[in-house]
>>> print(open('work37.tsv').read())   # TSV, C-alpha atoms
chain	number	residue	atom	x	y	z
A	131	MET	CA	83.12	99.69	78.89
A	132	LEU	CA	82.42	100.95	75.36
A	133	LEU	CA	83.89	104.34	76.34
A	134	LEU	CA	87.34	102.77	76.75
A	135	PRO	CA	89.74	102.78	73.81
A	136	VAL	CA	89.98	99.61	71.72
A	137	PRO	CA	93.54	98.76	72.87
A	138	VAL	CA	92.45	98.98	76.52
A	139	ARG	CA	89.47	96.72	75.88
A	140	ARG	CA	91.70	94.16	74.15
A	141	PHE	CA	94.16	94.30	77.04
A	142	ALA	CA	91.32	93.78	79.53
A	143	ALA	CA	89.99	90.84	77.52
A	144	TRP	CA	93.41	89.19	77.41
A	145	CYS	CA	93.86	89.78	81.16
A	146	ALA	CA	90.50	88.11	81.82
A	147	VAL	CA	91.46	85.13	79.65
A	148	LEU	CA	94.84	84.78	81.38
A	149	LEU	CA	93.27	85.03	84.84
A	150	LEU	CA	90.67	82.42	83.94
A	151	ALA	CA	93.28	80.06	82.48
A	152	THR	CA	95.57	80.55	85.49
A	153	GLY	CA	92.71	79.91	87.89
A	154	LEU	CA	91.69	76.73	86.10
A	155	ALA	CA	95.31	75.53	86.00
A	156	TRP	CA	95.74	76.23	89.73
A	157	VAL	CA	92.56	74.33	90.58
A	158	ALA	CA	93.66	71.42	88.39
A	159	VAL	CA	97.09	71.30	90.05
A	160	ARG	CA	95.56	71.42	93.53
A	161	LEU	CA	93.17	68.60	92.66
A	162	CYS	CA	96.04	66.53	91.30
A	163	VAL	CA	98.03	67.13	94.50
A	164	GLU	CA	95.10	66.18	96.72
A	165	LEU	CA	94.37	63.09	94.62
A	166	ARG	CA	98.01	62.23	93.96
A	167	THR	CA	97.62	58.57	94.97
A	168	ALA	CA	95.28	58.14	92.00
A	169	VAL	CA	96.63	60.77	89.61
A	170	ALA	CA	100.32	59.80	89.85
A	171	PRO	CA	99.76	56.12	88.89
A	172	ALA	CA	97.55	57.21	86.00
A	173	LEU	CA	100.20	59.60	84.66
A	174	LEU	CA	102.96	57.02	85.14
A	175	ALA	CA	100.78	54.47	83.37
A	176	LEU	CA	100.36	56.85	80.43
A	177	LEU	CA	104.13	57.25	80.23
A	178	GLY	CA	104.57	53.49	80.39
A	179	THR	CA	101.92	52.99	77.73
A	180	ALA	CA	103.64	55.51	75.46
A	181	LEU	CA	106.93	53.65	75.88
A	182	LEU	CA	105.50	50.13	75.49
A	183	ARG	CA	102.94	50.64	72.73
A	184	PRO	CA	105.33	49.70	69.89
A	185	LEU	CA	105.89	46.26	71.46
A	186	TYR	CA	102.16	45.85	71.99
A	187	ARG	CA	101.49	46.79	68.36
A	188	ARG	CA	103.95	44.17	67.14
A	189	LEU	CA	102.27	41.47	69.21
A	190	VAL	CA	98.82	42.47	67.95
A	191	ALA	CA	100.13	42.55	64.38
A	192	ALA	CA	101.36	38.98	64.96
A	193	HIS	CA	97.69	38.03	65.59
A	194	VAL	CA	98.08	37.77	69.38
A	195	GLN	CA	94.83	38.38	71.25
A	196	ARG	CA	94.71	41.90	72.73
A	197	SER	CA	94.45	40.87	76.39
A	198	LEU	CA	97.23	38.33	75.97
A	199	ALA	CA	99.38	40.88	74.13
A	200	ALA	CA	98.88	43.43	76.92
A	201	GLY	CA	99.67	40.79	79.53
A	202	LEU	CA	102.83	39.69	77.71
A	203	THR	CA	103.91	43.32	77.41
A	204	CYS	CA	103.44	43.91	81.14
A	205	ALA	CA	105.28	40.66	81.90
A	206	ALA	CA	108.15	41.77	79.68
A	207	VAL	CA	108.21	45.07	81.56
A	208	LEU	CA	108.46	43.24	84.88
A	209	VAL	CA	111.32	41.09	83.59
A	210	VAL	CA	113.22	43.98	82.01
A	211	VAL	CA	112.64	46.45	84.85
A	212	GLY	CA	113.32	43.79	87.47
A	213	GLY	CA	116.54	42.79	85.73
A	214	ALA	CA	117.58	46.41	85.31
A	215	VAL	CA	116.83	47.18	88.96
A	216	TYR	CA	118.81	44.11	90.01
A	217	ILE	CA	121.78	45.15	87.87
A	218	VAL	CA	121.65	48.73	89.12
A	219	VAL	CA	121.26	47.73	92.77
A	220	ALA	CA	123.98	45.09	92.50
A	221	ALA	CA	126.33	47.58	90.86
A	222	LEU	CA	125.57	50.22	93.49
A	223	VAL	CA	125.97	47.70	96.32
A	224	ASP	CA	129.27	46.41	94.96
A	225	SER	CA	130.67	49.85	94.31
A	226	GLY	CA	128.64	51.85	96.81
A	227	ASP	CA	131.31	51.69	99.52
A	228	GLN	CA	133.93	52.90	97.08
A	229	ILE	CA	131.74	55.75	95.87
A	230	VAL	CA	130.82	56.82	99.40
A	231	ALA	CA	134.43	56.59	100.54
A	232	SER	CA	135.56	58.61	97.54
A	233	LEU	CA	132.95	61.28	98.17
A	234	LYS	CA	133.96	61.38	101.84
A	235	THR	CA	137.60	61.83	100.85
A	236	SER	CA	136.61	64.63	98.48
A	237	ALA	CA	134.59	66.28	101.24
A	238	GLN	CA	137.55	66.02	103.61
A	239	ASP	CA	139.86	67.59	101.03
A	240	LEU	CA	137.41	70.41	100.43
A	241	ALA	CA	136.99	70.96	104.19
A	242	ARG	CA	140.78	70.96	104.62
A	243	HIS	CA	141.33	73.57	101.92
A	244	PHE	CA	138.22	75.73	102.27
A	245	GLY	CA	136.77	74.94	105.68
A	246	ALA	CA	136.77	77.56	108.40
A	247	ALA	CA	137.95	77.00	111.96
A	248	GLY	CA	135.61	74.89	114.03
A	249	THR	CA	133.88	73.37	110.99
A	250	SER	CA	135.81	70.11	110.63
A	251	LEU	CA	134.05	66.86	109.87
A	252	ASP	CA	134.57	65.69	113.47
A	253	ASP	CA	132.74	68.78	114.74
A	254	LEU	CA	129.94	68.20	112.26
A	255	ALA	CA	129.69	64.57	113.35
A	256	SER	CA	129.52	65.48	117.04
A	257	ASN	CA	126.89	68.12	116.32
A	258	ALA	CA	124.92	65.58	114.34
A	259	ARG	CA	125.04	63.13	117.26
A	260	GLU	CA	123.76	65.83	119.61
A	261	LEU	CA	120.93	66.65	117.25
A	262	LEU	CA	120.00	62.99	116.94
A	263	GLY	CA	119.98	62.68	120.71
A	264	LYS	CA	117.77	65.72	121.13
A	265	PHE	CA	115.36	64.89	118.35
A	266	GLY	CA	115.24	61.12	118.54
A	267	SER	CA	111.46	61.02	118.65
A	268	THR	CA	111.29	63.18	115.55
A	269	ALA	CA	113.67	60.82	113.79
A	270	ALA	CA	111.58	57.83	114.82
A	271	SER	CA	108.45	59.43	113.47
A	272	GLY	CA	110.38	60.20	110.30
A	273	VAL	CA	111.29	56.54	109.94
A	274	ILE	CA	107.65	55.55	110.40
A	275	SER	CA	106.56	58.07	107.79
A	276	GLY	CA	109.31	56.79	105.51
A	277	VAL	CA	107.98	53.26	105.81
A	278	SER	CA	104.51	54.50	104.95
A	279	VAL	CA	105.93	56.34	101.92
A	280	VAL	CA	107.60	53.12	100.75
A	281	GLY	CA	104.31	51.24	101.10
A	282	GLU	CA	102.46	53.96	99.23
A	283	THR	CA	105.08	53.91	96.48
A	284	ILE	CA	104.76	50.14	96.06
A	285	ALA	CA	100.96	50.41	95.91
A	286	MET	CA	101.22	53.18	93.31
A	287	ALA	CA	103.63	51.09	91.23
A	288	VAL	CA	101.28	48.09	91.27
A	289	LEU	CA	98.33	50.30	90.33
A	290	ALA	CA	100.34	51.91	87.53
A	291	LEU	CA	101.23	48.48	86.12
A	292	LEU	CA	97.59	47.41	86.17
A	293	LEU	CA	96.60	50.65	84.45
A	294	VAL	CA	99.25	50.05	81.78
A	295	PHE	CA	97.61	46.69	81.06
A	296	PHE	CA	94.16	48.26	80.68
A	297	PHE	CA	95.46	51.23	78.68
A	298	LEU	CA	97.21	48.92	76.25
A	299	ARG	CA	94.32	46.48	75.94
A	300	ASP	CA	91.68	49.17	75.47
A	301	SER	CA	93.77	51.58	73.40
A	302	ASP	CA	91.48	51.01	70.40
A	303	ARG	CA	88.63	52.57	72.39
A	304	ALA	CA	90.59	55.70	73.28
A	305	VAL	CA	89.43	57.65	70.24
A	306	GLY	CA	85.79	56.87	70.97
A	307	THR	CA	86.26	57.92	74.58
A	308	VAL	CA	87.82	61.24	73.59
A	309	ARG	CA	85.02	61.94	71.11
A	310	ALA	CA	82.38	61.08	73.71
A	311	LEU	CA	83.78	63.69	76.12
A	312	VAL	CA	83.46	66.63	73.71
A	313	PRO	CA	80.64	68.05	71.60
A	314	ARG	CA	80.18	66.42	68.22
A	315	SER	CA	81.40	69.48	66.34
A	316	GLY	CA	84.74	69.41	68.16
A	317	GLY	CA	85.37	65.68	67.84
A	318	ASP	CA	87.91	65.93	65.02
A	319	MET	CA	89.91	68.63	66.76
A	320	ALA	CA	89.86	66.81	70.11
A	321	GLU	CA	91.04	63.60	68.46
A	322	ALA	CA	93.84	65.41	66.61
A	323	MET	CA	94.96	67.15	69.81
A	324	ALA	CA	94.92	63.89	71.79
A	325	ARG	CA	96.91	62.08	69.10
A	326	ARG	CA	99.43	64.91	68.92
A	327	ALA	CA	99.86	65.04	72.71
A	328	PHE	CA	100.26	61.28	73.06
A	329	GLY	CA	102.63	61.19	70.10
A	330	ALA	CA	104.80	63.83	71.77
A	331	VAL	CA	104.90	61.87	75.03
A	332	GLU	CA	105.60	58.63	73.14
A	333	GLY	CA	108.47	60.20	71.23
A	334	PHE	CA	109.86	61.81	74.37
A	335	MET	CA	109.86	58.55	76.34
A	336	ARG	CA	111.36	56.50	73.52
A	337	GLY	CA	114.01	59.11	72.72
A	338	THR	CA	114.92	59.68	76.36
A	339	THR	CA	115.36	55.95	76.97
A	340	ILE	CA	117.63	55.55	73.94
A	341	ILE	CA	119.68	58.61	74.85
A	342	ALA	CA	119.93	57.51	78.51
A	343	LEU	CA	121.23	54.10	77.47
A	344	ILE	CA	123.83	55.58	75.10
A	345	ASP	CA	124.97	58.13	77.71
A	346	ALA	CA	125.29	55.47	80.40
A	347	VAL	CA	127.26	53.11	78.15
A	348	CYS	CA	129.64	55.84	76.92
A	349	ILE	CA	130.33	57.25	80.39
A	350	THR	CA	130.73	53.77	81.90
A	351	VAL	CA	133.25	52.78	79.20
A	352	GLY	CA	135.15	56.04	79.74
A	353	LEU	CA	135.29	55.54	83.51
A	354	LEU	CA	136.39	51.93	83.09
A	355	VAL	CA	139.21	53.02	80.77
A	356	LEU	CA	140.26	55.62	83.36
A	357	ARG	CA	140.00	52.91	86.06
A	358	VAL	CA	137.66	55.00	88.20
A	359	PRO	CA	136.22	52.87	91.03
A	360	GLY	CA	132.50	52.18	90.93
A	361	ALA	CA	132.22	52.80	87.18
A	362	LEU	CA	129.23	50.47	86.78
A	363	GLY	CA	127.36	52.11	89.64
A	364	LEU	CA	128.11	55.56	88.28
A	365	GLY	CA	126.91	54.46	84.85
A	366	ALA	CA	123.68	53.20	86.38
A	367	LEU	CA	123.30	56.57	88.12
A	368	VAL	CA	123.78	58.32	84.76
A	369	PHE	CA	121.07	56.16	83.16
A	370	VAL	CA	118.54	56.88	85.91
A	371	GLY	CA	119.42	60.58	86.03
A	372	ALA	CA	118.94	60.99	82.28
A	373	TYR	CA	115.16	60.89	82.78
A	374	ILE	CA	115.48	64.26	84.54
A	375	PRO	CA	116.83	66.45	81.70
A	376	TYR	CA	119.90	68.61	82.37
A	377	LEU	CA	119.69	68.42	86.17
A	378	GLY	CA	120.08	64.63	86.35
A	379	ALA	CA	123.01	64.64	83.95
A	380	PHE	CA	124.69	67.44	85.90
A	381	ILE	CA	124.34	65.65	89.25
A	382	SER	CA	125.46	62.23	88.01
A	383	GLY	CA	128.38	63.75	86.09
A	384	ALA	CA	129.47	65.75	89.14
A	385	VAL	CA	129.44	62.60	91.28
A	386	ALA	CA	131.58	60.77	88.71
A	387	VAL	CA	134.13	63.60	88.59
A	388	LEU	CA	134.30	63.80	92.41
A	389	VAL	CA	134.89	60.06	92.68
A	390	ALA	CA	137.66	60.28	90.07
A	391	LEU	CA	139.20	63.24	91.91
A	392	ALA	CA	139.25	61.43	95.24
A	393	ASP	CA	140.62	58.09	94.04
A	394	ARG	CA	142.64	58.84	90.91
A	395	GLY	CA	143.84	62.38	91.37
A	396	PHE	CA	143.41	65.72	89.66
A	397	VAL	CA	144.57	64.64	86.18
A	398	ILE	CA	142.22	61.65	85.99
A	399	ALA	CA	139.41	63.86	87.33
A	400	LEU	CA	140.02	66.24	84.43
A	401	TRP	CA	139.86	63.31	82.00
A	402	ALA	CA	136.62	62.13	83.64
A	403	LEU	CA	135.24	65.65	83.31
A	404	GLY	CA	136.24	65.60	79.65
A	405	VAL	CA	134.40	62.30	79.15
A	406	VAL	CA	131.25	63.65	80.81
A	407	VAL	CA	131.35	66.91	78.84
A	408	ALA	CA	132.03	65.06	75.56
A	409	VAL	CA	129.06	62.74	76.15
A	410	GLN	CA	126.82	65.69	76.97
A	411	LEU	CA	127.95	67.50	73.81
A	412	LEU	CA	127.30	64.33	71.83
A	413	GLU	CA	123.84	64.14	73.34
A	414	GLY	CA	122.98	67.77	72.76
A	415	HIS	CA	124.33	68.15	69.22
A	416	VAL	CA	123.96	64.65	67.71
A	417	LEU	CA	121.72	62.30	69.68
A	418	GLN	CA	118.83	64.62	70.48
A	419	PRO	CA	118.52	66.01	66.92
A	420	MET	CA	118.70	62.48	65.48
A	421	VAL	CA	116.59	60.55	68.01
A	422	GLN	CA	114.02	63.21	68.84
A	423	SER	CA	113.84	64.94	65.47
A	424	ARG	CA	110.25	63.78	64.91
A	425	THR	CA	108.98	64.71	68.36
A	426	VAL	CA	108.38	67.97	70.18
A	427	ARG	CA	111.70	69.62	71.01
A	428	MET	CA	111.58	72.24	73.74
A	429	HIS	CA	113.92	75.07	74.59
A	430	PRO	CA	116.20	74.34	77.59
A	431	ALA	CA	114.70	77.29	79.47
A	432	VAL	CA	111.23	75.75	79.13
A	433	VAL	CA	112.56	72.40	80.37
A	434	LEU	CA	114.26	73.98	83.40
A	435	LEU	CA	111.13	75.94	84.30
A	436	ALA	CA	109.06	72.76	83.98
A	437	LEU	CA	111.48	70.88	86.25
A	438	THR	CA	111.35	73.65	88.83
A	439	ALA	CA	107.57	73.77	88.79
A	440	GLY	CA	107.30	69.97	88.99
A	441	ALA	CA	109.72	69.81	91.91
A	442	SER	CA	107.80	72.49	93.80
A	443	VAL	CA	104.52	70.64	93.29
A	444	ALA	CA	105.44	66.97	93.73
A	445	GLY	CA	109.17	66.64	94.40
A	446	ILE	CA	111.11	64.02	92.43
A	447	LEU	CA	107.92	62.55	90.98
A	448	GLY	CA	106.96	65.98	89.74
A	449	MET	CA	110.36	66.38	88.09
A	450	LEU	CA	109.90	63.06	86.29
A	451	LEU	CA	106.41	63.94	85.06
A	452	ALA	CA	106.86	67.65	84.34
A	453	VAL	CA	108.76	67.46	81.04
A	454	PRO	CA	106.51	64.81	79.38
A	455	LEU	CA	103.42	66.78	80.39
A	456	VAL	CA	104.90	69.99	79.01
A	457	ALA	CA	105.82	68.09	75.82
A	458	ALA	CA	102.19	67.02	75.50
A	459	GLY	CA	101.06	70.62	76.01
A	460	VAL	CA	103.51	71.89	73.41
A	461	GLY	CA	102.23	69.25	70.99
A	462	ILE	CA	98.66	70.44	71.52
A	463	VAL	CA	99.70	74.05	70.94
A	464	HIS	CA	101.44	73.11	67.71
A	465	GLU	CA	98.37	71.21	66.54
A	466	LEU	CA	96.16	74.23	67.21
A	467	GLN	CA	98.60	76.53	65.42
A	468	GLU	CA	98.67	74.29	62.36
A	469	ARG	CA	94.89	74.00	62.27
A	470	TYR	CA	94.32	77.72	62.57
A	471	ALA	CA	97.01	78.41	59.95
A	472	ALA	CA	95.35	75.92	57.58
A	473	GLU	CA	91.93	77.48	58.21
A	474	SER	CA	93.33	80.98	57.59
A	475	SER	CA	95.02	79.95	54.36
A	476	GLY	CA	91.88	78.15	53.25
A	477	THR	CA	89.80	81.26	53.92
A	478	ASP	CA	92.22	83.65	52.25
A	479	GLY	CA	92.83	81.38	49.25
A	480	PRO	CA	89.56	81.89	47.40
A	481	ALA	CA	89.63	85.62	48.05
A	482	GLY	CA	93.11	85.91	46.64
A	483	GLY	CA	92.13	83.82	43.60
A	484	SER	CA	89.17	86.01	42.77
>>> encode(input="work37.tsv", output="structure tokens")
Amino acid sequence: MLLLPVPVRRFAAWCAVLLLATGLAWVAVRLCVELRTAVAPALLALLGTALLRPLYRRLVAAHVQRSLAAGLTCAAVLVVVGGAVYIVVAALVDSGDQIVASLKTSAQDLARHFGAAGTSLDDLASNARELLGKFGSTAASGVISGVSVVGETIAMAVLALLLVFFFLRDSDRAVGTVRALVPRSGGDMAEAMARRAFGAVEGFMRGTTIIALIDAVCITVGLLVLRVPGALGLGALVFVGAYIPYLGAFISGAVAVLVALADRGFVIALWALGVVVAVQLLEGHVLQPMVQSRTVRMHPAVVLLALTAGASVAGILGMLLAVPLVAAGVGIVHELQERYAAESSGTDGPAGGS
């Protein structure tokens, strides 16, 4: 090994480090996938804790006992989330038929103008009926598995809410727990990295919620002015989709434009497209720099790669968790860079002074 040139030895060392890090990351991902019923609620609870901690802090500052403050925070979450879900579901139920009919009309128009011979909607419907008749048992098993998925999702949501309560109540012990898991010499660095990671997630969740609310309100008002049917339901779809950066906004905006095209014509569809594009420009150039200026801001390419990786690992849940986790990782990297830069400047300072 000593006979090799220094650049080759450095390259080999970096390759070994990268292989080791990749192997550890792959093992960690596989363990998370195998233990997803426990890992997913814990990660969702961390996101919920990051979003709800300001309210919990205010209650504790008002001399409310910690357990009671955590319980009140969780109760407030149930009320707010339950009310929001009711509003969203009611809006989608009231306008769902209009949205579906509009999308169907758009699909018929597209099939009429671009469809090939023998590919009409009636042919597709008859083929679908034949497939359902042939694979009825498969569909039945799919329904059963879907019911089990719904039950698993409810159980994970309940577990996540309970974990939010414990994370909030015992947040004062988090620093001691982090220090107990690392050697004494690395306690300060581990604490700083944990604080930086959690701060990045906290800022991401708070900023995303504010931006999602502003986007939904602006697009809903624009669609109401244009008299696009199902404006409230489309606005609710925009709010939910905003938690999946870029991709969610693209999908919800495309649905809004298609509905406007089907029911209000080409000119109104262009106006709806202008509203969606204007809101996205407002988000990208004004809201994100203002709201998330104190948090970790990531390049769009990094966000898209994170979404792709999260979707390949855990589907929609992975897409929801990927960006906050990457934000935490970027925060840790920034903390390490700042510490090493401070150590380097502190080492070089005395030498330069002498």
>>> atom_distance(input="work37.tsv", atom1="CA of Val331 in chain A", atom2="CA of Ala458 in chain A")
5.8 Å
>>> residues_around(input="work37.tsv", residues="range 414-417 of chain A", least_positions_apart="5", cutoff="9 Å", atoms="all atoms listed in the file", output="list of chain:residue names")
A:Gly337, A:Ile340, A:Ile341, A:Ile344, A:Val409, A:Gln422
>>> write_last_selection(input="work37.tsv", atoms="C-alpha atoms", output="compact mmCIF listing (two decimals), in the frame of the given file")
# COMPACT_ATOMS: atom_id res chain seq x y z
CA GLY A 337 114.01 59.11 72.72
CA ILE A 340 117.63 55.55 73.94
CA ILE A 341 119.68 58.61 74.85
CA ILE A 344 123.83 55.58 75.10
CA VAL A 409 129.06 62.74 76.15
CA GLN A 422 114.02 63.21 68.84
>>> atom_distance(input="work37.tsv", atom1="CA of Ala472 in chain A", atom2="CA of Ala322 in chain A")
13.9 Å
>>> atom_distance(input="work37.tsv", atom1="CA of Leu364 in chain A", atom2="CA of Phe380 in chain A")
12.6 Å
>>> residues_around(input="work37.tsv", residues="Leu202 in chain A", least_positions_apart="2", cutoff="12 Å", atoms="all atoms listed in the file", output="ChimeraX atom specification")
/A:182,185-190,194-200,204-209,294-295,298-299
>>> closest_residue(input="work37.tsv", among="A:Ala346, A:Leu451, A:Glu473, A:His429", to="Ser382 in chain A", atoms="only C-alpha atoms")
A:Ala346
>>> closest_residue(input="work37.tsv", among="A:Thr167, A:Thr339, A:Ser301, A:Thr203", to="Gly281 in chain A", atoms="only C-alpha atoms")
A:Thr167
>>> residues_around(input="work37.tsv", residues="range 150-161 of chain A", least_positions_apart="5", cutoff="9 Å", atoms="all atoms listed in the file", output="list in words")
Cys145, Arg166 and Val443 of chain A
>>> residues_near_point(input="work37.tsv", point="(119.5, 57.4, 80.5)", cutoff="12 Å", atoms="only C-alpha atoms", output="PDB file with C-alpha atoms, in the frame of the given file")
ATOM      1  CA  MET A 335     109.860  58.550  76.340  1.00  0.00           C
ATOM      2  CA  ARG A 336     111.360  56.500  73.520  1.00  0.00           C
ATOM      3  CA  GLY A 337     114.010  59.110  72.720  1.00  0.00           C
ATOM      4  CA  THR A 338     114.920  59.680  76.360  1.00  0.00           C
ATOM      5  CA  THR A 339     115.360  55.950  76.970  1.00  0.00           C
ATOM      6  CA  ILE A 340     117.630  55.550  73.940  1.00  0.00           C
ATOM      7  CA  ILE A 341     119.680  58.610  74.850  1.00  0.00           C
ATOM      8  CA  ALA A 342     119.930  57.510  78.510  1.00  0.00           C
ATOM      9  CA  LEU A 343     121.230  54.100  77.470  1.00  0.00           C
ATOM     10  CA  ILE A 344     123.830  55.580  75.100  1.00  0.00           C
ATOM     11  CA  ASP A 345     124.970  58.130  77.710  1.00  0.00           C
ATOM     12  CA  ALA A 346     125.290  55.470  80.400  1.00  0.00           C
ATOM     13  CA  VAL A 347     127.260  53.110  78.150  1.00  0.00           C
ATOM     14  CA  CYS A 348     129.640  55.840  76.920  1.00  0.00           C
ATOM     15  CA  ILE A 349     130.330  57.250  80.390  1.00  0.00           C
ATOM     16  CA  THR A 350     130.730  53.770  81.900  1.00  0.00           C
ATOM     17  CA  LEU A 364     128.110  55.560  88.280  1.00  0.00           C
ATOM     18  CA  GLY A 365     126.910  54.460  84.850  1.00  0.00           C
ATOM     19  CA  ALA A 366     123.680  53.200  86.380  1.00  0.00           C
ATOM     20  CA  LEU A 367     123.300  56.570  88.120  1.00  0.00           C
ATOM     21  CA  VAL A 368     123.780  58.320  84.760  1.00  0.00           C
ATOM     22  CA  PHE A 369     121.070  56.160  83.160  1.00  0.00           C
ATOM     23  CA  VAL A 370     118.540  56.880  85.910  1.00  0.00           C
ATOM     24  CA  GLY A 371     119.420  60.580  86.030  1.00  0.00           C
ATOM     25  CA  ALA A 372     118.940  60.990  82.280  1.00  0.00           C
ATOM     26  CA  TYR A 373     115.160  60.890  82.780  1.00  0.00           C
ATOM     27  CA  ILE A 374     115.480  64.260  84.540  1.00  0.00           C
ATOM     28  CA  PRO A 375     116.830  66.450  81.700  1.00  0.00           C
ATOM     29  CA  TYR A 376     119.900  68.610  82.370  1.00  0.00           C
ATOM     30  CA  GLY A 378     120.080  64.630  86.350  1.00  0.00           C
ATOM     31  CA  ALA A 379     123.010  64.640  83.950  1.00  0.00           C
ATOM     32  CA  SER A 382     125.460  62.230  88.010  1.00  0.00           C
ATOM     33  CA  VAL A 409     129.060  62.740  76.150  1.00  0.00           C
ATOM     34  CA  GLN A 410     126.820  65.690  76.970  1.00  0.00           C
ATOM     35  CA  GLU A 413     123.840  64.140  73.340  1.00  0.00           C
TER      36      GLU A 413
END
>>> closest_residue(input="work37.tsv", among="A:Gly316, A:Gly212, A:Gly383, A:Pro171", to="Glu282 in chain A", atoms="all atoms listed in the file")
A:Pro171
>>> closest_residue(input="work37.tsv", among="A:Gly178, A:Pro359, A:Gly306, A:Gly440", to="Ala320 in chain A", atoms="all atoms listed in the file")
A:Gly306
>>> closest_residue(input="work37.tsv", among="A:Leu176, A:Leu434, A:Val397, A:Ile462", to="Leu292 in chain A", atoms="all atoms listed in the file")
A:Leu176
>>> closest_residue(input="work37.tsv", among="A:Leu412, A:Ser475, A:Ala192, A:Gly352", to="Ile398 in chain A", atoms="all atoms listed in the file")
A:Gly352
>>> decode(input="work37.tsv", residues="range 144-149 of chain A", atoms="all heavy atoms", output="mmCIF file, in the first residue's frame")
data_model
loop_
_atom_site.group_PDB
_atom_site.id
_atom_site.type_symbol
_atom_site.label_atom_id
_atom_site.label_comp_id
_atom_site.auth_asym_id
_atom_site.auth_seq_id
_atom_site.Cartn_x
_atom_site.Cartn_y
_atom_site.Cartn_z
ATOM 1 N N TRP A 144 -10.912 7.696 0.386
ATOM 2 C CA TRP A 144 -12.227 8.290 0.189
ATOM 3 C C TRP A 144 -13.237 7.264 -0.315
ATOM 4 O O TRP A 144 -14.413 7.281 0.084
ATOM 5 C CB TRP A 144 -12.137 9.460 -0.783
ATOM 6 C CG TRP A 144 -11.712 10.739 -0.135
ATOM 7 C CD1 TRP A 144 -10.531 11.399 -0.273
ATOM 8 C CD2 TRP A 144 -12.493 11.516 0.778
ATOM 9 N NE1 TRP A 144 -10.492 12.535 0.490
ATOM 10 C CE2 TRP A 144 -11.689 12.645 1.154
ATOM 11 C CE3 TRP A 144 -13.756 11.384 1.325
ATOM 12 C CZ2 TRP A 144 -12.148 13.615 2.036
ATOM 13 C CZ3 TRP A 144 -14.214 12.349 2.211
ATOM 14 C CH2 TRP A 144 -13.413 13.444 2.555
ATOM 15 N N CYS A 145 -12.807 6.372 -1.190
ATOM 16 C CA CYS A 145 -13.700 5.308 -1.680
ATOM 17 C C CYS A 145 -14.152 4.411 -0.521
ATOM 18 O O CYS A 145 -15.331 4.033 -0.429
ATOM 19 C CB CYS A 145 -13.012 4.480 -2.749
ATOM 20 S SG CYS A 145 -12.824 5.326 -4.335
ATOM 21 N N ALA A 146 -13.213 4.076 0.371
ATOM 22 C CA ALA A 146 -13.575 3.244 1.517
ATOM 23 C C ALA A 146 -14.570 3.955 2.423
ATOM 24 O O ALA A 146 -15.549 3.347 2.908
ATOM 25 C CB ALA A 146 -12.309 2.868 2.302
ATOM 26 N N VAL A 147 -14.362 5.256 2.641
ATOM 27 C CA VAL A 147 -15.289 6.023 3.474
ATOM 28 C C VAL A 147 -16.668 6.082 2.831
ATOM 29 O O VAL A 147 -17.706 5.888 3.492
ATOM 30 C CB VAL A 147 -14.736 7.439 3.720
ATOM 31 C CG1 VAL A 147 -15.791 8.323 4.384
ATOM 32 C CG2 VAL A 147 -13.490 7.368 4.585
ATOM 33 N N LEU A 148 -16.711 6.342 1.515
ATOM 34 C CA LEU A 148 -17.995 6.418 0.823
ATOM 35 C C LEU A 148 -18.718 5.071 0.835
ATOM 36 O O LEU A 148 -19.940 5.010 1.028
ATOM 37 C CB LEU A 148 -17.785 6.896 -0.616
ATOM 38 C CG LEU A 148 -17.357 8.359 -0.779
ATOM 39 C CD1 LEU A 148 -17.080 8.676 -2.243
ATOM 40 C CD2 LEU A 148 -18.445 9.285 -0.242
ATOM 41 N N LEU A 149 -17.971 3.987 0.622
ATOM 42 C CA LEU A 149 -18.597 2.662 0.655
ATOM 43 C C LEU A 149 -19.144 2.336 2.039
ATOM 44 O O LEU A 149 -20.246 1.794 2.179
ATOM 45 C CB LEU A 149 -17.578 1.600 0.219
ATOM 46 C CG LEU A 149 -17.235 1.564 -1.270
ATOM 47 C CD1 LEU A 149 -16.116 0.556 -1.525
ATOM 48 C CD2 LEU A 149 -18.466 1.205 -2.096
#
